[in-house]
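Visitor: What follows is structure_35.pdb; its format and atoms are PDB, C-alpha atoms, pLDDT in the B column.
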MODEL        1
ATOM      1  CA  MET A   1     115.495 102.139 101.062  1.00 35.00           C
ATOM      2  CA  GLN A   2     116.172 105.841 100.551  1.00 39.00           C
ATOM      3  CA  ALA A   3     114.009 106.174  97.443  1.00 40.00           C
ATOM      4  CA  CYS A   4     110.984 105.159  99.473  1.00 42.00           C
ATOM      5  CA  ALA A   5     112.103 107.217 102.418  1.00 39.00           C
ATOM      6  CA  SER A   6     111.871 110.497 100.593  1.00 36.00           C
ATOM      7  CA  GLY A   7     108.258 109.948  99.642  1.00 39.00           C
ATOM      8  CA  LEU A   8     109.105 111.716  96.374  1.00 33.00           C
ATOM      9  CA  VAL A   9     110.391 108.914  94.159  1.00 34.00           C
ATOM     10  CA  HIS A  10     107.952 106.346  92.810  1.00 38.00           C
ATOM     11  CA  VAL A  11     109.768 103.047  92.803  1.00 38.00           C
ATOM     12  CA  VAL A  12     109.698 100.622  89.868  1.00 39.00           C
ATOM     13  CA  LEU A  13     108.227  97.562  91.498  1.00 37.00           C
ATOM     14  CA  VAL A  14     110.148  94.956  89.591  1.00 37.00           C
ATOM     15  CA  ALA A  15     113.298  96.213  91.335  1.00 40.00           C
ATOM     16  CA  LEU A  16     111.907  95.228  94.737  1.00 45.00           C
ATOM     17  CA  CYS A  17     112.272  91.465  94.584  1.00 41.00           C
ATOM     18  CA  GLY A  18     115.050  91.605  97.165  1.00 46.00           C
ATOM     19  CA  PHE A  19     112.499  92.505  99.816  1.00 48.00           C
ATOM     20  CA  GLY A  20     110.673  89.200  99.400  1.00 49.00           C
ATOM     21  CA  VAL A  21     112.252  87.623 102.484  1.00 48.00           C
ATOM     22  CA  SER A  22     111.214  90.525 104.717  1.00 55.00           C
ATOM     23  CA  ALA A  23     107.711  90.458 103.287  1.00 59.00           C
ATOM     24  CA  ALA A  24     107.427  86.727 103.906  1.00 58.00           C
ATOM     25  CA  ARG A  25     108.427  87.190 107.541  1.00 58.00           C
ATOM     26  CA  ALA A  26     105.831  89.921 107.934  1.00 68.00           C
ATOM     27  CA  GLY A  27     103.021  87.453 107.311  1.00 67.00           C
ATOM     28  CA  ASP A  28      99.514  88.869 107.157  1.00 84.00           C
ATOM     29  CA  ALA A  29     100.444  92.092 108.998  1.00 92.00           C
ATOM     30  CA  TRP A  30     101.664  93.790 105.822  1.00 96.00           C
ATOM     31  CA  ALA A  31      98.616  92.618 103.867  1.00 95.00           C
ATOM     32  CA  ASP A  32      96.370  94.196 106.523  1.00 95.00           C
ATOM     33  CA  PHE A  33      98.500  97.347 106.446  1.00 97.00           C
ATOM     34  CA  ARG A  34      98.046  97.598 102.678  1.00 96.00           C
ATOM     35  CA  SER A  35      94.270  97.120 102.968  1.00 96.00           C
ATOM     36  CA  ASP A  36      94.069  99.825 105.627  1.00 97.00           C
ATOM     37  CA  LEU A  37      96.155 102.144 103.472  1.00 97.00           C
ATOM     38  CA  ILE A  38      93.935 101.687 100.422  1.00 97.00           C
ATOM     39  CA  ALA A  39      90.929 102.413 102.658  1.00 97.00           C
ATOM     40  CA  LEU A  40      92.617 105.600 103.926  1.00 98.00           C
ATOM     41  CA  HIS A  41      93.336 106.720 100.357  1.00 98.00           C
ATOM     42  CA  GLU A  42      89.694 106.179  99.436  1.00 97.00           C
ATOM     43  CA  LYS A  43      88.504 108.052 102.529  1.00 97.00           C
ATOM     44  CA  LEU A  44      90.675 111.074 101.688  1.00 97.00           C
ATOM     45  CA  THR A  45      89.887 111.196  97.968  1.00 96.00           C
ATOM     46  CA  GLU A  46      86.461 109.775  97.095  1.00 93.00           C
ATOM     47  CA  GLY A  47      83.879 112.455  96.453  1.00 91.00           C
ATOM     48  CA  LYS A  48      86.381 115.238  97.172  1.00 91.00           C
ATOM     49  CA  PRO A  49      87.040 118.144  94.761  1.00 93.00           C
ATOM     50  CA  LEU A  50      90.653 117.140  94.168  1.00 96.00           C
ATOM     51  CA  ARG A  51      92.904 117.671  91.178  1.00 97.00           C
ATOM     52  CA  VAL A  52      93.979 114.321  89.746  1.00 97.00           C
ATOM     53  CA  GLU A  53      96.979 114.023  87.453  1.00 97.00           C
ATOM     54  CA  GLN A  54      97.030 110.819  85.404  1.00 96.00           C
ATOM     55  CA  GLY A  55     100.131 109.411  83.796  1.00 96.00           C
ATOM     56  CA  GLU A  56     100.387 107.413  80.617  1.00 96.00           C
ATOM     57  CA  VAL A  57      99.630 103.709  80.577  1.00 95.00           C
ATOM     58  CA  LEU A  58     103.025 101.996  80.603  1.00 93.00           C
ATOM     59  CA  SER A  59     104.312  98.446  80.694  1.00 93.00           C
ATOM     60  CA  PHE A  60     106.413  97.095  83.526  1.00 93.00           C
ATOM     61  CA  LYS A  61     109.941  96.121  82.582  1.00 89.00           C
ATOM     62  CA  GLY A  62     111.436  92.708  83.202  1.00 86.00           C
ATOM     63  CA  GLU A  63     110.550  89.186  82.191  1.00 85.00           C
ATOM     64  CA  ALA A  64     108.590  88.435  85.380  1.00 84.00           C
ATOM     65  CA  ALA A  65     106.371  91.483  84.798  1.00 84.00           C
ATOM     66  CA  LYS A  66     105.757  90.767  81.120  1.00 87.00           C
ATOM     67  CA  GLY A  67     102.131  91.428  80.226  1.00 89.00           C
ATOM     68  CA  PHE A  68     101.486  93.781  83.171  1.00 92.00           C
ATOM     69  CA  SER A  69     100.871  97.494  82.637  1.00 95.00           C
ATOM     70  CA  TYR A  70     100.208 100.371  85.018  1.00 97.00           C
ATOM     71  CA  GLN A  71      99.081 103.972  85.306  1.00 97.00           C
ATOM     72  CA  ASP A  72     100.151 106.550  87.911  1.00 98.00           C
ATOM     73  CA  LEU A  73      97.601 108.880  89.508  1.00 98.00           C
ATOM     74  CA  ASP A  74      98.474 111.773  91.814  1.00 98.00           C
ATOM     75  CA  TYR A  75      95.749 113.398  93.921  1.00 98.00           C
ATOM     76  CA  TYR A  76      96.249 117.047  94.924  1.00 98.00           C
ATOM     77  CA  ASP A  77      94.312 119.485  97.047  1.00 96.00           C
ATOM     78  CA  PRO A  78      93.482 122.191  94.462  1.00 95.00           C
ATOM     79  CA  ALA A  79      93.606 125.097  96.940  1.00 93.00           C
ATOM     80  CA  SER A  80      96.947 124.347  98.599  1.00 94.00           C
ATOM     81  CA  GLY A  81      98.598 122.178  95.949  1.00 95.00           C
ATOM     82  CA  ARG A  82      99.401 119.552  98.592  1.00 97.00           C
ATOM     83  CA  LEU A  83      99.872 115.993  97.404  1.00 98.00           C
ATOM     84  CA  ILE A  84      97.273 113.842  99.168  1.00 98.00           C
ATOM     85  CA  SER A  85      98.100 110.453  97.695  1.00 98.00           C
ATOM     86  CA  HIS A  86      99.817 108.630  94.868  1.00 98.00           C
ATOM     87  CA  ILE A  87      98.478 105.477  93.299  1.00 98.00           C
ATOM     88  CA  ARG A  88     100.042 103.145  90.759  1.00 97.00           C
ATOM     89  CA  ARG A  89      97.399 100.728  89.524  1.00 96.00           C
ATOM     90  CA  SER A  90      96.345  98.603  86.609  1.00 95.00           C
ATOM     91  CA  PRO A  91      94.792 100.737  83.861  1.00 94.00           C
ATOM     92  CA  GLY A  92      91.515  98.816  83.654  1.00 88.00           C
ATOM     93  CA  TRP A  93      88.747  97.721  85.980  1.00 88.00           C
ATOM     94  CA  PRO A  94      88.888  95.890  88.335  1.00 89.00           C
ATOM     95  CA  TYR A  95      91.793  98.058  89.459  1.00 91.00           C
ATOM     96  CA  ARG A  96      94.780  96.339  91.032  1.00 93.00           C
ATOM     97  CA  HIS A  97      96.844  98.637  93.231  1.00 96.00           C
ATOM     98  CA  TYR A  98     100.601  98.180  92.890  1.00 96.00           C
ATOM     99  CA  GLU A  99     101.694 101.258  94.855  1.00 97.00           C
ATOM    100  CA  VAL A 100      99.744 103.234  97.435  1.00 98.00           C
ATOM    101  CA  GLU A 101     101.210 106.332  99.107  1.00 98.00           C
ATOM    102  CA  VAL A 102      99.270 108.656 101.421  1.00 98.00           C
ATOM    103  CA  TYR A 103     100.432 111.947 102.935  1.00 98.00           C
ATOM    104  CA  ILE A 104      99.013 113.538 106.103  1.00 98.00           C
ATOM    105  CA  HIS A 105      99.636 117.270 106.643  1.00 98.00           C
ATOM    106  CA  ASP A 106      99.470 119.562 109.660  1.00 97.00           C
ATOM    107  CA  ALA A 107      97.686 122.927 109.770  1.00 94.00           C
ATOM    108  CA  ALA A 108     100.778 124.617 108.322  1.00 94.00           C
ATOM    109  CA  GLY A 109     100.775 122.294 105.319  1.00 95.00           C
ATOM    110  CA  ARG A 110     103.805 120.245 106.383  1.00 97.00           C
ATOM    111  CA  VAL A 111     103.829 116.459 106.001  1.00 98.00           C
ATOM    112  CA  ILE A 112     103.657 115.011 109.508  1.00 98.00           C
ATOM    113  CA  ARG A 113     103.386 111.378 108.464  1.00 98.00           C
ATOM    114  CA  ASP A 114     103.218 109.392 105.269  1.00 98.00           C
ATOM    115  CA  TYR A 115     102.615 105.788 104.417  1.00 98.00           C
ATOM    116  CA  ALA A 116     103.279 103.450 101.511  1.00 98.00           C
ATOM    117  CA  ALA A 117     102.726  99.869 100.454  1.00 97.00           C
ATOM    118  CA  LEU A 118     104.342  98.440  97.323  1.00 97.00           C
ATOM    119  CA  THR A 119     103.374  95.154  95.699  1.00 95.00           C
ATOM    120  CA  LEU A 120     104.574  93.166  92.731  1.00 94.00           C
ATOM    121  CA  PRO A 121     101.941  92.992  89.964  1.00 93.00           C
ATOM    122  CA  TRP A 122     101.939  89.195  89.950  1.00 91.00           C
ATOM    123  CA  GLN A 123     101.756  88.910  93.746  1.00 90.00           C
ATOM    124  CA  LEU A 124      99.130  91.229  95.176  1.00 89.00           C
ATOM    125  CA  GLU A 125      98.390  89.123  98.249  1.00 86.00           C
ATOM    126  CA  ARG A 126     101.264  90.635 100.216  1.00 90.00           C
ATOM    127  CA  PRO A 127     103.325  93.823  99.794  1.00 95.00           C
ATOM    128  CA  VAL A 128     107.060  93.508  99.256  1.00 95.00           C
ATOM    129  CA  ARG A 129     107.655  96.857 100.948  1.00 96.00           C
ATOM    130  CA  THR A 130     105.791  98.912 103.514  1.00 97.00           C
ATOM    131  CA  TYR A 131     106.703 102.044 105.375  1.00 97.00           C
ATOM    132  CA  ILE A 132     105.495 104.610 107.884  1.00 98.00           C
ATOM    133  CA  ASN A 133     107.378 107.917 108.027  1.00 98.00           C
ATOM    134  CA  LEU A 134     106.874 110.082 111.128  1.00 98.00           C
ATOM    135  CA  HIS A 135     108.117 113.647 110.597  1.00 98.00           C
ATOM    136  CA  ASP A 136     109.269 116.404 112.944  1.00 98.00           C
ATOM    137  CA  TYR A 137     110.435 119.984 112.360  1.00 98.00           C
ATOM    138  CA  PRO A 138     112.616 121.071 115.290  1.00 97.00           C
ATOM    139  CA  GLY A 139     113.986 124.563 114.687  1.00 96.00           C
ATOM    140  CA  GLU A 140     115.430 124.745 111.174  1.00 97.00           C
ATOM    141  CA  LEU A 141     115.520 120.972 110.778  1.00 98.00           C
ATOM    142  CA  HIS A 142     113.280 118.458 109.046  1.00 98.00           C
ATOM    143  CA  ALA A 143     113.630 114.941 110.431  1.00 98.00           C
ATOM    144  CA  PHE A 144     111.753 111.728 109.944  1.00 98.00           C
ATOM    145  CA  ARG A 145     112.001 108.219 111.296  1.00 98.00           C
ATOM    146  CA  GLN A 146     110.870 105.415 109.015  1.00 98.00           C
ATOM    147  CA  PHE A 147     109.245 102.185 110.204  1.00 98.00           C
ATOM    148  CA  ASP A 148     108.037  99.224 108.220  1.00 97.00           C
ATOM    149  CA  GLY A 149     104.510  97.849 108.506  1.00 96.00           C
ATOM    150  CA  SER A 150     105.632  95.619 111.388  1.00 95.00           C
ATOM    151  CA  GLY A 151     106.838  98.588 113.437  1.00 96.00           C
ATOM    152  CA  GLU A 152     110.579  98.020 112.916  1.00 96.00           C
ATOM    153  CA  ILE A 153     112.826 101.057 112.319  1.00 96.00           C
ATOM    154  CA  ASP A 154     114.278 101.039 108.792  1.00 96.00           C
ATOM    155  CA  TYR A 155     115.759 104.453 108.190  1.00 97.00           C
ATOM    156  CA  GLU A 156     116.202 107.970 109.578  1.00 97.00           C
ATOM    157  CA  SER A 157     116.802 111.292 107.854  1.00 98.00           C
ATOM    158  CA  CYS A 158     117.534 114.814 109.095  1.00 98.00           C
ATOM    159  CA  VAL A 159     118.383 117.846 106.965  1.00 98.00           C
ATOM    160  CA  GLY A 160     118.565 121.567 107.632  1.00 98.00           C
ATOM    161  CA  ARG A 161     120.609 123.798 109.923  1.00 98.00           C
ATOM    162  CA  LEU A 162     121.554 123.455 113.573  1.00 96.00           C
ATOM    163  CA  ASN A 163     123.316 126.317 115.389  1.00 94.00           C
ATOM    164  CA  GLY A 164     124.202 127.824 112.035  1.00 94.00           C
ATOM    165  CA  GLN A 165     125.733 124.602 110.703  1.00 95.00           C
ATOM    166  CA  LYS A 166     124.376 122.501 107.857  1.00 97.00           C
ATOM    167  CA  ILE A 167     123.041 119.110 108.935  1.00 96.00           C
ATOM    168  CA  LYS A 168     122.497 116.123 106.657  1.00 97.00           C
ATOM    169  CA  MET A 169     122.025 112.755 108.339  1.00 96.00           C
ATOM    170  CA  GLN A 170     120.766 109.774 106.379  1.00 96.00           C
ATOM    171  CA  LEU A 171     120.965 106.643 108.465  1.00 95.00           C
ATOM    172  CA  GLU A 172     120.131 103.003 107.875  1.00 95.00           C
ATOM    173  CA  SER A 173     118.904 101.350 111.065  1.00 91.00           C
ATOM    174  CA  ILE A 174     121.964  99.105 111.201  1.00 91.00           C
ATOM    175  CA  ASP A 175     124.185 102.206 111.505  1.00 89.00           C
ATOM    176  CA  VAL A 176     122.421 103.649 114.556  1.00 92.00           C
ATOM    177  CA  GLY A 177     123.592 102.586 118.003  1.00 90.00           C
ATOM    178  CA  PRO A 178     123.694 104.019 121.569  1.00 91.00           C
ATOM    179  CA  LYS A 179     126.824 106.084 120.918  1.00 93.00           C
ATOM    180  CA  LEU A 180     125.291 107.913 117.950  1.00 93.00           C
ATOM    181  CA  ARG A 181     121.947 108.363 119.695  1.00 93.00           C
ATOM    182  CA  ALA A 182     123.713 110.122 122.576  1.00 94.00           C
ATOM    183  CA  THR A 183     125.239 112.853 120.384  1.00 95.00           C
ATOM    184  CA  PRO A 184     123.735 116.365 120.565  1.00 95.00           C
ATOM    185  CA  GLU A 185     123.187 116.427 116.788  1.00 96.00           C
ATOM    186  CA  TYR A 186     121.241 113.185 116.804  1.00 95.00           C
ATOM    187  CA  GLN A 187     119.131 114.274 119.753  1.00 97.00           C
ATOM    188  CA  ALA A 188     118.413 117.640 118.138  1.00 97.00           C
ATOM    189  CA  CYS A 189     117.208 115.848 115.024  1.00 97.00           C
ATOM    190  CA  PHE A 190     115.381 112.812 116.350  1.00 97.00           C
ATOM    191  CA  GLY A 191     114.910 113.330 120.077  1.00 96.00           C
ATOM    192  CA  ARG A 192     111.212 114.177 119.800  1.00 97.00           C
ATOM    193  CA  LEU A 193     110.317 111.343 117.430  1.00 97.00           C
ATOM    194  CA  PRO A 194     108.940 108.103 118.922  1.00 97.00           C
ATOM    195  CA  MET A 195     110.970 104.908 118.787  1.00 96.00           C
ATOM    196  CA  GLN A 196     107.837 102.946 117.881  1.00 97.00           C
ATOM    197  CA  PRO A 197     105.001 103.909 115.511  1.00 97.00           C
ATOM    198  CA  GLY A 198     102.359 103.253 118.183  1.00 96.00           C
ATOM    199  CA  PRO A 199      98.880 104.168 116.914  1.00 97.00           C
ATOM    200  CA  TYR A 200     100.291 105.081 113.496  1.00 97.00           C
ATOM    201  CA  LEU A 201     100.970 101.436 112.758  1.00 96.00           C
ATOM    202  CA  LYS A 202      97.390 101.489 111.469  1.00 96.00           C
ATOM    203  CA  PRO A 203      97.238 104.137 108.742  1.00 97.00           C
ATOM    204  CA  HIS A 204      95.014 107.080 109.609  1.00 96.00           C
TER     205      HIS A 204
ENDMDL
END
Would you mind writing the structure in this file as structure tokens?
Guide:
Amino acid sequence: MQACASGLVHVVLVALCGFGVSAARAGDAWADFRSDLIALHEKLTEGKPLRVEQGEVLSFKGEAAKGFSYQDLDYYDPASGRLISHIRRSPGWPYRHYEVEVYIHDAAGRVIRDYAALTLPWQLERPVRTYINLHDYPGELHAFRQFDGSGEIDYESCVGRLNGQKIKMQLESIDVGPKLRATPEYQACFGRLPMQPGPYLKPH
């Protein structure tokens, strides 16, 4: 899902019902992933001098979400302006987390990996969507490979310039085969990224 892939668009959860089958197949793995991600968010934000931007309290749209409301919170490092995490949660205690996104940066301030778990407000036991984005910056390119919380590749993106030419590759996993992987452009974009999330399957 490209909206999730960018890490910049906060998805309206009631539009994610189509991912229910994938979530069901994931079993408890995605629930554990979500718990680990909430713990990582808390580790990176609690007690830290961060700037927190709070959105208005809004109601979810759709009949299934009737009666549920939410509030968005964005946590920024005040010195660098980097986004540390985004939370969409219920407005009152005890908080129920509907979206959790966490961004990990390198020393230069670039995002090197980011994570998300999205849940429906009436079904918090298991996420309907999870992702792990691993980023690379070869030359003038910015590439990332997206995995779900089970370690399966979902999506790949590469934008920038290669040998003076503009590159824009946005690939669903079903579109990527051996022939495409063998091309110089694909290798320049994604050749250094792992084919499996490895230790990053557990958010940290």
Visitor: Choose the residue, out of A:Ala31, A:Leu40, A:Val159, A:Leu50, that has the smallest atom-to-atom separation from Ala79 in chain A; count all atoms listed in the file.
Guide: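 Nearest candidate to Ala79 in chain A out of A:Ala31, A:Leu40, A:Val159, A:Leu50: A:Leu50.
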Visitor: Which residues, named as in the file, does the PyMOL selection byres ((chain A and resi 110) around 12) pick out? Answer as number ranges by chain.
Guide: A: 80-84, 103-109, 111-114, 134-137, 142-143
Visitor: Which residues fall under the PyMOL selection byres ((chain A and resi 55-72) around 6) in this file, as a PDB file with C-alpha atoms, in the coordinates of the input?
Guide:
ATOM      1  CA  GLN A  54      97.030 110.819  85.404  1.00 96.00           C
ATOM      2  CA  LEU A  73      97.601 108.880  89.508  1.00 98.00           C
ATOM      3  CA  ILE A  87      98.478 105.477  93.299  1.00 98.00           C
ATOM      4  CA  ARG A  88     100.042 103.145  90.759  1.00 97.00           C
ATOM      5  CA  ARG A  89      97.399 100.728  89.524  1.00 96.00           C
ATOM      6  CA  SER A  90      96.345  98.603  86.609  1.00 95.00           C
ATOM      7  CA  PRO A  91      94.792 100.737  83.861  1.00 94.00           C
TER       8      PRO A  91
END
Visitor: Please expand the PyMOL selection byres ((chain A and resi 129) around 6) into the concrete residues it hits in this file, giving the result as a CSV table (one decimal) with C-alpha atoms, in the frame of the given file.
Guide:
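Result file follows (part.csv):
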chain,number,residue,atom,x,y,z
A,117,ALA,CA,102.7,99.9,100.5
A,118,LEU,CA,104.3,98.4,97.3
A,127,PRO,CA,103.3,93.8,99.8
A,128,VAL,CA,107.1,93.5,99.3
A,130,THR,CA,105.8,98.9,103.5
Visitor: If you take every atom of range 129-145 of chain A that the file lists and fit an axis-aligned box around them with 5 Å extra on each side, what centre and edge lengths come out in Å to one decimal, as lines of an AutoDock Vina configuration file?
Guide:
center_x = 110.5
center_y = 110.8
center_z = 108.1
size_x = 20.0
size_y = 37.9
size_z = 24.3
Visitor: Give the answer as one residue: which of A:Leu201, A:Ile153, A:Ile132, A:Ala188 has the shortest atom-to-atom distance to Leu171 in chain A, using only C-alpha atoms?
Guide: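 Result for the nearest residue to Leu171 in chain A: A:Ile153.
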Visitor: Which residue is closest to Ser157 in chain A? Choose from A:Met195, A:Leu141, A:Ala39, A:Leu124 and count only C-alpha atoms.
Guide: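 Smallest distance to Ser157 in chain A is found for A:Leu141.
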Visitor: CA of Ile38 in chain A and CA of Pro78 in chain A, how far apart in Å?
Guide: 21.4 Å
Visitor: What separation in Å, quoted to one decimal, exists between CA of Arg34 in chain A and CA of Ile174 in chain A?
Guide: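 Going from CA of Arg34 in chain A over to CA of Ile174 in chain A covers 25.4 Å.
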Visitor: Would you mind listing what lies within 12 Å of Val176 in chain A as a list in words, with all atoms listed in the file counted and same-chain residues fewer than 2 positions away left out?
Guide: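 Counting only the stated atoms, we get Arg145, Ile153, Asp154, Tyr155, Glu156, Ser157, Met169, Gln170, Leu171, Glu172, Ser173, Ile174, Pro178, Lys179, Leu180, Arg181, Ala182, Thr183, Tyr186 and Phe190 of chain A.
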Visitor: How many Å separate CA of Thr119 in chain A from CA of Asp175 in chain A?
Guide: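 For CA of Thr119 in chain A relative to CA of Asp175 in chain A, the distance reads 27.1 Å.
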